[in-house]
Amino acid sequence: MTRVTAELVVDGPRQLLRALRKRVVDSLASEGAAIQLTESHQEDRLQFKLSAEHGMPYPQLIAASAMYPDCVLSMNWQSDGNRGLTTIRAGEVQVASGESLAGGELPQAIEVDADGCLLLGIVVAGVGGAGATTGFAATRAAETYFSIAGGDPGHRLATTGGGGLHWDEHWQCDLAGAWRLDADHPARPIEECQMRQLEAAAAAFRARWLWYDQAPPEDTAIERARAAAEDRRVWAINVQSRALAALGENRAFDSIAAADCRLVPLLRRTWAATDL
């Protein structure tokens, strides 16, 4: 895969920059030789030069941003002749230019039941080849990347099974309107540029909404305590307590429907239905 290089600048309250620096340096160091990080010391901001072997390390940077929401991370990156500017604040990805959606919050939707269990969460990453809409989806038990092309009644839906690096699941609708899952042989690899979009969108969605049962206990102690206090069951994938509070009685949020009203119902009838 093509190596990505970037200049990373972090602005924010001086008392927070030191803690954020440690979080970024430690998390990227765990990637070993795949990521090279060089620091330039400045009095009132952090500045790094970053070189990554497998695309921008969005999950680590978004996680750091979510912990220190008053700091802003800005990256001027280039890869294989392409350039872009990505800004991250409070765990949210905003892209001023480059390979993803135009600036602003990525379109997303989430549904939970009365007990706070995640029914379906979706974030749109972008529009790829042949007009396909791509993104990330999650339920209480599983997550996937998806690609949707075409329109009624001929939607073409692909999802990822195994390791998430290939479009290896294909959904077809029969004459009776029932959806059937078929394995794609051979599986189609996800293009590098598209994978970076998907990883960034997924990381932003996770930082805003989700926590995982398999995460280290020290990282989830507060969420587990709140779930126990509210008698909420812990699933493999869970909605953060602050996110549940923000959803209120509606138990849902949707900024996708206005632009693409087919997307949420389609994933609810197909991929998400396998978790019911």
# chains A, B, ... in the order shown; residues from 1 in each chain; ligands from 1

$ residues_around --residues "stretch 247-256 of chain A" --least-positions-apart "2" --cutoff "10 Å" --atoms "only C-alpha atoms" --output "compact mmCIF listing (two decimals) with all heavy atoms, in the first residue's frame"
# COMPACT_ATOMS: atom_id res chain seq x y z
N GLU A 105 -19.92 17.60 9.40
CA GLU A 105 -20.10 16.30 10.04
C GLU A 105 -20.49 15.25 9.01
O GLU A 105 -21.31 15.48 8.13
CB GLU A 105 -21.18 16.41 11.11
CG GLU A 105 -21.43 15.14 11.87
CD GLU A 105 -22.55 15.31 12.86
OE1 GLU A 105 -22.27 15.73 13.99
OE2 GLU A 105 -23.71 15.02 12.50
N LEU A 106 -19.91 14.08 9.13
CA LEU A 106 -20.29 12.97 8.25
C LEU A 106 -21.73 12.56 8.54
O LEU A 106 -22.12 12.44 9.70
CB LEU A 106 -19.35 11.79 8.47
CG LEU A 106 -17.87 12.02 8.13
CD1 LEU A 106 -17.04 10.83 8.59
CD2 LEU A 106 -17.70 12.24 6.64
N PRO A 107 -22.55 12.31 7.51
CA PRO A 107 -23.93 11.87 7.73
C PRO A 107 -23.96 10.57 8.51
O PRO A 107 -23.22 9.63 8.20
CB PRO A 107 -24.47 11.68 6.30
CG PRO A 107 -23.60 12.53 5.44
CD PRO A 107 -22.24 12.48 6.08
N GLN A 108 -24.81 10.49 9.52
CA GLN A 108 -24.86 9.30 10.35
C GLN A 108 -26.23 9.13 10.97
O GLN A 108 -27.04 10.06 11.02
CB GLN A 108 -23.79 9.35 11.44
CG GLN A 108 -23.79 10.61 12.27
CD GLN A 108 -22.47 10.78 13.01
OE1 GLN A 108 -22.25 10.16 14.05
NE2 GLN A 108 -21.58 11.61 12.47
N ALA A 109 -26.50 7.91 11.40
CA ALA A 109 -27.77 7.59 12.04
C ALA A 109 -27.53 6.52 13.09
O ALA A 109 -26.62 5.70 12.96
CB ALA A 109 -28.79 7.09 11.01
N ILE A 110 -28.36 6.54 14.14
CA ILE A 110 -28.25 5.53 15.18
C ILE A 110 -29.63 5.28 15.76
O ILE A 110 -30.44 6.20 15.90
CB ILE A 110 -27.24 5.94 16.28
CG1 ILE A 110 -26.97 4.78 17.23
CG2 ILE A 110 -27.71 7.18 17.01
CD1 ILE A 110 -25.78 5.00 18.16
N GLU A 111 -29.91 4.01 16.07
CA GLU A 111 -31.17 3.60 16.67
C GLU A 111 -30.85 2.70 17.86
O GLU A 111 -30.04 1.77 17.75
CB GLU A 111 -32.04 2.81 15.69
CG GLU A 111 -32.35 3.55 14.40
CD GLU A 111 -33.03 2.63 13.38
OE1 GLU A 111 -33.16 1.41 13.66
OE2 GLU A 111 -33.44 3.13 12.32
N VAL A 112 -31.50 2.94 19.01
CA VAL A 112 -31.36 2.06 20.17
C VAL A 112 -32.75 1.70 20.67
O VAL A 112 -33.73 2.39 20.38
CB VAL A 112 -30.54 2.73 21.30
CG1 VAL A 112 -29.16 3.11 20.81
CG2 VAL A 112 -31.27 3.95 21.84
N ASP A 113 -32.86 0.59 21.41
CA ASP A 113 -34.17 0.22 21.95
C ASP A 113 -34.37 0.85 23.32
O ASP A 113 -33.52 1.63 23.79
CB ASP A 113 -34.34 -1.30 21.98
CG ASP A 113 -33.40 -2.00 22.96
OD1 ASP A 113 -32.78 -1.31 23.82
OD2 ASP A 113 -33.28 -3.24 22.89
N ALA A 114 -35.49 0.53 23.96
CA ALA A 114 -35.83 1.15 25.24
C ALA A 114 -34.83 0.83 26.33
O ALA A 114 -34.73 1.56 27.33
CB ALA A 114 -37.24 0.70 25.66
N ASP A 115 -34.07 -0.26 26.17
CA ASP A 115 -33.07 -0.66 27.16
C ASP A 115 -31.68 -0.12 26.85
O ASP A 115 -30.72 -0.49 27.52
CB ASP A 115 -33.01 -2.18 27.26
CG ASP A 115 -34.33 -2.77 27.75
OD1 ASP A 115 -34.95 -2.18 28.65
OD2 ASP A 115 -34.75 -3.82 27.22
N GLY A 116 -31.57 0.70 25.81
CA GLY A 116 -30.27 1.27 25.45
C GLY A 116 -29.42 0.37 24.59
O GLY A 116 -28.23 0.64 24.39
N CYS A 117 -29.98 -0.70 24.06
CA CYS A 117 -29.25 -1.64 23.21
C CYS A 117 -29.15 -1.09 21.79
O CYS A 117 -30.15 -0.60 21.23
CB CYS A 117 -29.95 -2.98 23.22
SG CYS A 117 -29.34 -4.16 22.00
N LEU A 118 -27.98 -1.20 21.18
CA LEU A 118 -27.77 -0.70 19.83
C LEU A 118 -28.48 -1.60 18.81
O LEU A 118 -28.15 -2.78 18.67
CB LEU A 118 -26.27 -0.66 19.51
CG LEU A 118 -25.89 -0.26 18.08
CD1 LEU A 118 -26.32 1.17 17.77
CD2 LEU A 118 -24.39 -0.41 17.86
N LEU A 119 -29.45 -1.02 18.09
CA LEU A 119 -30.12 -1.75 17.02
C LEU A 119 -29.39 -1.58 15.70
O LEU A 119 -29.17 -2.53 14.98
CB LEU A 119 -31.57 -1.26 16.88
CG LEU A 119 -32.46 -1.45 18.13
CD1 LEU A 119 -33.83 -0.85 17.88
CD2 LEU A 119 -32.56 -2.92 18.49
N LEU A 120 -29.01 -0.34 15.41
CA LEU A 120 -28.29 -0.08 14.16
C LEU A 120 -27.62 1.29 14.24
O LEU A 120 -28.25 2.28 14.63
CB LEU A 120 -29.24 -0.12 12.96
CG LEU A 120 -28.63 0.15 11.58
CD1 LEU A 120 -27.56 -0.88 11.24
CD2 LEU A 120 -29.71 0.16 10.52
N GLY A 121 -26.36 1.33 13.87
CA GLY A 121 -25.64 2.59 13.74
C GLY A 121 -24.98 2.65 12.38
O GLY A 121 -24.43 1.64 11.91
N ILE A 122 -25.04 3.79 11.71
CA ILE A 122 -24.51 3.93 10.36
C ILE A 122 -23.82 5.28 10.22
O ILE A 122 -24.30 6.29 10.72
CB ILE A 122 -25.63 3.86 9.30
CG1 ILE A 122 -26.38 2.53 9.37
CG2 ILE A 122 -25.08 4.09 7.90
CD1 ILE A 122 -27.62 2.49 8.48
N VAL A 123 -22.69 5.29 9.52
CA VAL A 123 -22.06 6.55 9.13
C VAL A 123 -21.66 6.42 7.66
O VAL A 123 -21.17 5.37 7.23
CB VAL A 123 -20.84 6.90 10.01
CG1 VAL A 123 -19.77 5.83 9.95
CG2 VAL A 123 -20.26 8.26 9.60
N VAL A 124 -21.91 7.47 6.88
CA VAL A 124 -21.57 7.47 5.46
C VAL A 124 -20.16 8.01 5.30
O VAL A 124 -19.81 9.07 5.82
CB VAL A 124 -22.56 8.35 4.67
CG1 VAL A 124 -22.13 8.47 3.21
CG2 VAL A 124 -23.96 7.78 4.77
N SER A 241 -22.86 5.99 27.46
CA SER A 241 -23.91 6.53 28.31
C SER A 241 -24.20 7.99 28.00
O SER A 241 -25.36 8.42 28.01
CB SER A 241 -23.52 6.37 29.79
OG SER A 241 -22.25 6.92 30.04
N ARG A 242 -23.17 8.78 27.68
CA ARG A 242 -23.42 10.18 27.35
C ARG A 242 -24.18 10.31 26.04
O ARG A 242 -24.98 11.22 25.85
CB ARG A 242 -22.11 10.97 27.29
CG ARG A 242 -21.13 10.50 26.22
CD ARG A 242 -19.88 11.38 26.19
NE ARG A 242 -18.90 10.92 25.23
CZ ARG A 242 -18.94 11.19 23.93
NH1 ARG A 242 -19.92 11.92 23.45
NH2 ARG A 242 -18.00 10.73 23.11
N ALA A 243 -23.93 9.37 25.12
CA ALA A 243 -24.65 9.38 23.85
C ALA A 243 -26.11 8.99 24.07
O ALA A 243 -27.02 9.58 23.45
CB ALA A 243 -23.99 8.43 22.86
N LEU A 244 -26.36 8.02 24.94
CA LEU A 244 -27.73 7.65 25.26
C LEU A 244 -28.49 8.83 25.86
O LEU A 244 -29.66 9.07 25.53
CB LEU A 244 -27.75 6.47 26.24
CG LEU A 244 -27.38 5.09 25.67
CD1 LEU A 244 -27.27 4.08 26.80
CD2 LEU A 244 -28.41 4.65 24.64
N ALA A 245 -27.81 9.56 26.74
CA ALA A 245 -28.46 10.72 27.35
C ALA A 245 -28.79 11.78 26.30
O ALA A 245 -29.85 12.42 26.35
CB ALA A 245 -27.55 11.31 28.43
N ALA A 258 -32.32 12.86 5.00
CA ALA A 258 -32.61 13.98 4.12
C ALA A 258 -31.88 13.88 2.79
O ALA A 258 -32.38 14.32 1.75
CB ALA A 258 -32.25 15.30 4.81
N ALA A 259 -30.69 13.26 2.81
CA ALA A 259 -29.90 13.14 1.58
C ALA A 259 -30.11 11.81 0.88
O ALA A 259 -30.03 11.72 -0.35
CB ALA A 259 -28.42 13.33 1.90
N ASP A 260 -30.41 10.75 1.64
CA ASP A 260 -30.54 9.41 1.05
C ASP A 260 -31.48 8.58 1.92
O ASP A 260 -31.05 7.89 2.83
CB ASP A 260 -29.16 8.75 0.96
CG ASP A 260 -29.17 7.50 0.09
OD1 ASP A 260 -30.27 6.98 -0.17
OD2 ASP A 260 -28.09 7.04 -0.31
N CYS A 261 -32.76 8.67 1.62
CA CYS A 261 -33.77 8.04 2.49
C CYS A 261 -33.79 6.52 2.36
O CYS A 261 -34.40 5.84 3.18
CB CYS A 261 -35.15 8.61 2.18
SG CYS A 261 -35.71 8.34 0.49
N ARG A 262 -33.11 5.95 1.36
CA ARG A 262 -33.11 4.50 1.16
C ARG A 262 -32.13 3.79 2.07
O ARG A 262 -32.30 2.59 2.35
CB ARG A 262 -32.71 4.18 -0.29
CG ARG A 262 -31.29 4.63 -0.57
CD ARG A 262 -30.75 4.30 -1.92
NE ARG A 262 -29.38 4.84 -2.02
CZ ARG A 262 -28.48 4.42 -2.87
NH1 ARG A 262 -28.78 3.46 -3.71
NH2 ARG A 262 -27.28 4.94 -2.90
N LEU A 263 -31.09 4.48 2.52
CA LEU A 263 -29.92 3.81 3.07
C LEU A 263 -30.22 3.09 4.38
O LEU A 263 -29.93 1.90 4.53
CB LEU A 263 -28.80 4.84 3.24
CG LEU A 263 -27.38 4.31 3.39
CD1 LEU A 263 -26.39 5.36 2.88
CD2 LEU A 263 -27.07 3.99 4.84
N VAL A 264 -30.78 3.81 5.36
CA VAL A 264 -31.03 3.19 6.67
C VAL A 264 -32.03 2.03 6.56
O VAL A 264 -31.76 0.94 7.07
CB VAL A 264 -31.48 4.24 7.69
CG1 VAL A 264 -31.85 3.58 9.02
CG2 VAL A 264 -30.39 5.29 7.92

$ select_by_dssp --residues "stretch 63-269 of chain A" --states "helix (DSSP H, G or I)" --output "PyMOL selection string"
chain A and resi 63-67+129-131+192-209+217-229+241-250+263-269

$ write_last_selection --atoms "C-alpha atoms" --output "PDB file, in the first residue's frame"
ATOM      1  CA  ALA A  63      -9.497   8.574  20.166  1.00  0.00           C
ATOM      2  CA  ALA A  64      -7.006  11.176  21.411  1.00  0.00           C
ATOM      3  CA  SER A  65      -9.230  13.987  20.148  1.00  0.00           C
ATOM      4  CA  ALA A  66     -12.261  12.537  21.925  1.00  0.00           C
ATOM      5  CA  MET A  67     -10.341  12.549  25.233  1.00  0.00           C
ATOM      6  CA  GLY A 129     -16.946   4.440  -8.122  1.00  0.00           C
ATOM      7  CA  ALA A 130     -20.143   4.088 -10.170  1.00  0.00           C
ATOM      8  CA  GLY A 131     -21.956   6.284  -7.668  1.00  0.00           C
ATOM      9  CA  GLU A 192      -6.730   1.834  -0.690  1.00  0.00           C
ATOM     10  CA  CYS A 193      -8.200   5.327  -0.976  1.00  0.00           C
ATOM     11  CA  GLN A 194     -11.667   3.995  -0.179  1.00  0.00           C
ATOM     12  CA  MET A 195     -10.358   2.050   2.804  1.00  0.00           C
ATOM     13  CA  ARG A 196      -8.897   5.238   4.274  1.00  0.00           C
ATOM     14  CA  GLN A 197     -12.309   6.884   3.942  1.00  0.00           C
ATOM     15  CA  LEU A 198     -14.031   3.958   5.615  1.00  0.00           C
ATOM     16  CA  GLU A 199     -11.537   3.725   8.482  1.00  0.00           C
ATOM     17  CA  ALA A 200     -11.790   7.458   9.192  1.00  0.00           C
ATOM     18  CA  ALA A 201     -15.592   7.393   9.168  1.00  0.00           C
ATOM     19  CA  ALA A 202     -15.721   4.305  11.401  1.00  0.00           C
ATOM     20  CA  ALA A 203     -13.257   5.772  13.884  1.00  0.00           C
ATOM     21  CA  ALA A 204     -15.252   9.007  14.106  1.00  0.00           C
ATOM     22  CA  PHE A 205     -18.515   7.116  14.649  1.00  0.00           C
ATOM     23  CA  ARG A 206     -17.005   4.870  17.324  1.00  0.00           C
ATOM     24  CA  ALA A 207     -15.523   7.834  19.191  1.00  0.00           C
ATOM     25  CA  ARG A 208     -18.859   9.630  19.253  1.00  0.00           C
ATOM     26  CA  TRP A 209     -21.242   6.753  20.002  1.00  0.00           C
ATOM     27  CA  PRO A 217     -11.290  -2.907  31.605  1.00  0.00           C
ATOM     28  CA  GLU A 218      -9.452   0.284  32.562  1.00  0.00           C
ATOM     29  CA  ASP A 219     -10.809   2.003  29.432  1.00  0.00           C
ATOM     30  CA  THR A 220     -14.410   0.947  30.018  1.00  0.00           C
ATOM     31  CA  ALA A 221     -14.718   1.024  33.817  1.00  0.00           C
ATOM     32  CA  ILE A 222     -16.956   4.104  33.838  1.00  0.00           C
ATOM     33  CA  GLU A 223     -19.246   2.772  31.111  1.00  0.00           C
ATOM     34  CA  ARG A 224     -19.553  -0.595  32.858  1.00  0.00           C
ATOM     35  CA  ALA A 225     -20.376   1.074  36.166  1.00  0.00           C
ATOM     36  CA  ARG A 226     -23.061   3.236  34.559  1.00  0.00           C
ATOM     37  CA  ALA A 227     -24.542   0.256  32.733  1.00  0.00           C
ATOM     38  CA  ALA A 228     -24.715  -1.687  35.998  1.00  0.00           C
ATOM     39  CA  ALA A 229     -26.291   1.261  37.833  1.00  0.00           C
ATOM     40  CA  SER A 241     -23.913   6.531  28.312  1.00  0.00           C
ATOM     41  CA  ARG A 242     -23.420  10.184  27.351  1.00  0.00           C
ATOM     42  CA  ALA A 243     -24.655   9.381  23.849  1.00  0.00           C
ATOM     43  CA  LEU A 244     -27.735   7.654  25.258  1.00  0.00           C
ATOM     44  CA  ALA A 245     -28.457  10.722  27.347  1.00  0.00           C
ATOM     45  CA  ALA A 246     -28.130  12.948  24.279  1.00  0.00           C
ATOM     46  CA  LEU A 247     -30.582  10.763  22.331  1.00  0.00           C
ATOM     47  CA  GLY A 248     -33.197  11.250  25.038  1.00  0.00           C
ATOM     48  CA  GLU A 249     -36.628   9.696  24.668  1.00  0.00           C
ATOM     49  CA  ASN A 250     -36.403   9.612  20.873  1.00  0.00           C
ATOM     50  CA  LEU A 263     -29.921   3.809   3.073  1.00  0.00           C
ATOM     51  CA  VAL A 264     -31.031   3.193   6.669  1.00  0.00           C
ATOM     52  CA  PRO A 265     -34.119   1.080   5.784  1.00  0.00           C
ATOM     53  CA  LEU A 266     -32.078  -0.989   3.323  1.00  0.00           C
ATOM     54  CA  LEU A 267     -29.377  -1.876   5.849  1.00  0.00           C
ATOM     55  CA  ARG A 268     -32.057  -2.510   8.480  1.00  0.00           C
ATOM     56  CA  ARG A 269     -33.773  -5.059   6.207  1.00  0.00           C
TER      57      ARG A 269
END

$ select_by_dssp --residues "stretch 50-276 of chain A" --states "strand (DSSP E)" --output "NGL selection string"
:A and (50-52 or 72-79 or 82-89 or 92-97 or 108-112 or 118-127 or 133-138 or 143-149 or 156-159 or 166-173 or 179-189 or 210-212 or 237-239 or 252-254)

$ closest_residue --among "A:Thr86, A:Thr144, A:Gln36, A:Ser74" --to "A:Leu8" --atoms "only C-alpha atoms"
A:Ser74

$ closest_residue --among "A:His166, A:Arg180, A:Arg140, A:Arg83" --to "A:Val239" --atoms "only C-alpha atoms"
A:Arg140

$ atom_distance --atom1 "atom CA of A:Gln240" --atom2 "atom CA of A:Leu20"
21.5 Å

$ atom_distance --atom1 "atom CA of A:Thr159" --atom2 "atom CA of A:Tyr145"
5.6 Å

$ residues_around --residues "A:Glu53" --least-positions-apart "5" --cutoff "12 Å" --atoms "only C-alpha atoms" --output "PDB file with C-alpha atoms, in the first residue's frame"
ATOM      1  CA  MET A   1       0.000   0.000   0.000  1.00  0.00           C
ATOM      2  CA  THR A   2       1.090   3.588  -0.640  1.00  0.00           C
ATOM      3  CA  ARG A   3       2.755   5.369   2.256  1.00  0.00           C
ATOM      4  CA  VAL A   4       0.980   8.504   3.499  1.00  0.00           C
ATOM      5  CA  THR A   5       2.911  11.497   4.801  1.00  0.00           C
ATOM      6  CA  ALA A   6       1.401  14.325   6.793  1.00  0.00           C
ATOM      7  CA  GLU A  31       2.300   0.486  15.614  1.00  0.00           C
ATOM      8  CA  GLY A  32       6.063  -0.043  15.402  1.00  0.00           C
ATOM      9  CA  ALA A  33       7.882   0.663  12.140  1.00  0.00           C
ATOM     10  CA  ALA A  34       4.599   1.069  10.220  1.00  0.00           C
ATOM     11  CA  ILE A  35       4.352   4.647  11.553  1.00  0.00           C
ATOM     12  CA  GLN A  36       7.220   7.118  11.836  1.00  0.00           C
ATOM     13  CA  LEU A  37       6.675  10.245  13.936  1.00  0.00           C
ATOM     14  CA  SER A  79      -0.364  10.152  -0.784  1.00  0.00           C
ATOM     15  CA  GLU A 192      -6.730   1.834  -0.690  1.00  0.00           C
ATOM     16  CA  ARG A 196      -8.897   5.238   4.274  1.00  0.00           C
TER      17      ARG A 196
END

$ residues_around --residues "A:Gly162" --least-positions-apart "6" --cutoff "12 Å" --atoms "only C-alpha atoms" --output "JSON, numbers by chain"
{"A": [142, 143, 144, 145, 168, 169, 183, 184, 187]}

$ write_last_selection --atoms "N, CA and C atoms" --output "PDB file, in the first residue's frame"
ATOM      1  N   ALA A 142     -22.142  -6.971  15.878  1.00  0.00           N
ATOM      2  CA  ALA A 142     -21.249  -7.032  14.722  1.00  0.00           C
ATOM      3  C   ALA A 142     -21.116  -5.663  14.080  1.00  0.00           C
ATOM      4  N   GLU A 143     -20.128  -5.542  13.199  1.00  0.00           N
ATOM      5  CA  GLU A 143     -19.954  -4.319  12.426  1.00  0.00           C
ATOM      6  C   GLU A 143     -19.447  -4.684  11.038  1.00  0.00           C
ATOM      7  N   THR A 144     -19.620  -3.757  10.098  1.00  0.00           N
ATOM      8  CA  THR A 144     -19.260  -4.033   8.719  1.00  0.00           C
ATOM      9  C   THR A 144     -19.017  -2.730   7.980  1.00  0.00           C
ATOM     10  N   TYR A 145     -18.308  -2.799   6.860  1.00  0.00           N
ATOM     11  CA  TYR A 145     -18.316  -1.735   5.874  1.00  0.00           C
ATOM     12  C   TYR A 145     -19.353  -2.118   4.826  1.00  0.00           C
ATOM     13  N   ASP A 168     -16.872  -9.120   0.383  1.00  0.00           N
ATOM     14  CA  ASP A 168     -17.014 -10.566   0.213  1.00  0.00           C
ATOM     15  C   ASP A 168     -18.420 -11.070   0.514  1.00  0.00           C
ATOM     16  N   GLU A 169     -19.374 -10.153   0.731  1.00  0.00           N
ATOM     17  CA  GLU A 169     -20.773 -10.524   0.914  1.00  0.00           C
ATOM     18  C   GLU A 169     -21.626  -9.717  -0.065  1.00  0.00           C
ATOM     19  N   ALA A 183     -22.134 -15.292  -0.748  1.00  0.00           N
ATOM     20  CA  ALA A 183     -20.704 -14.998  -0.650  1.00  0.00           C
ATOM     21  C   ALA A 183     -20.177 -14.653  -2.033  1.00  0.00           C
ATOM     22  N   ASP A 184     -19.369 -13.600  -2.115  1.00  0.00           N
ATOM     23  CA  ASP A 184     -18.763 -13.199  -3.383  1.00  0.00           C
ATOM     24  C   ASP A 184     -17.490 -14.008  -3.618  1.00  0.00           C
ATOM     25  N   ALA A 187     -13.631 -12.674  -3.682  1.00  0.00           N
ATOM     26  CA  ALA A 187     -13.913 -11.419  -2.994  1.00  0.00           C
ATOM     27  C   ALA A 187     -13.195 -10.267  -3.688  1.00  0.00           C
TER      28      ALA A 187
END

$ closest_residue --among "A:Trp171, A:Ala137, A:Met56, A:Ala132" --to "A:Gly150" --atoms "only C-alpha atoms"
A:Ala132

$ atom_distance --atom1 "atom CA of A:Gly164" --atom2 "atom CA of A:Val127"
18.4 Å
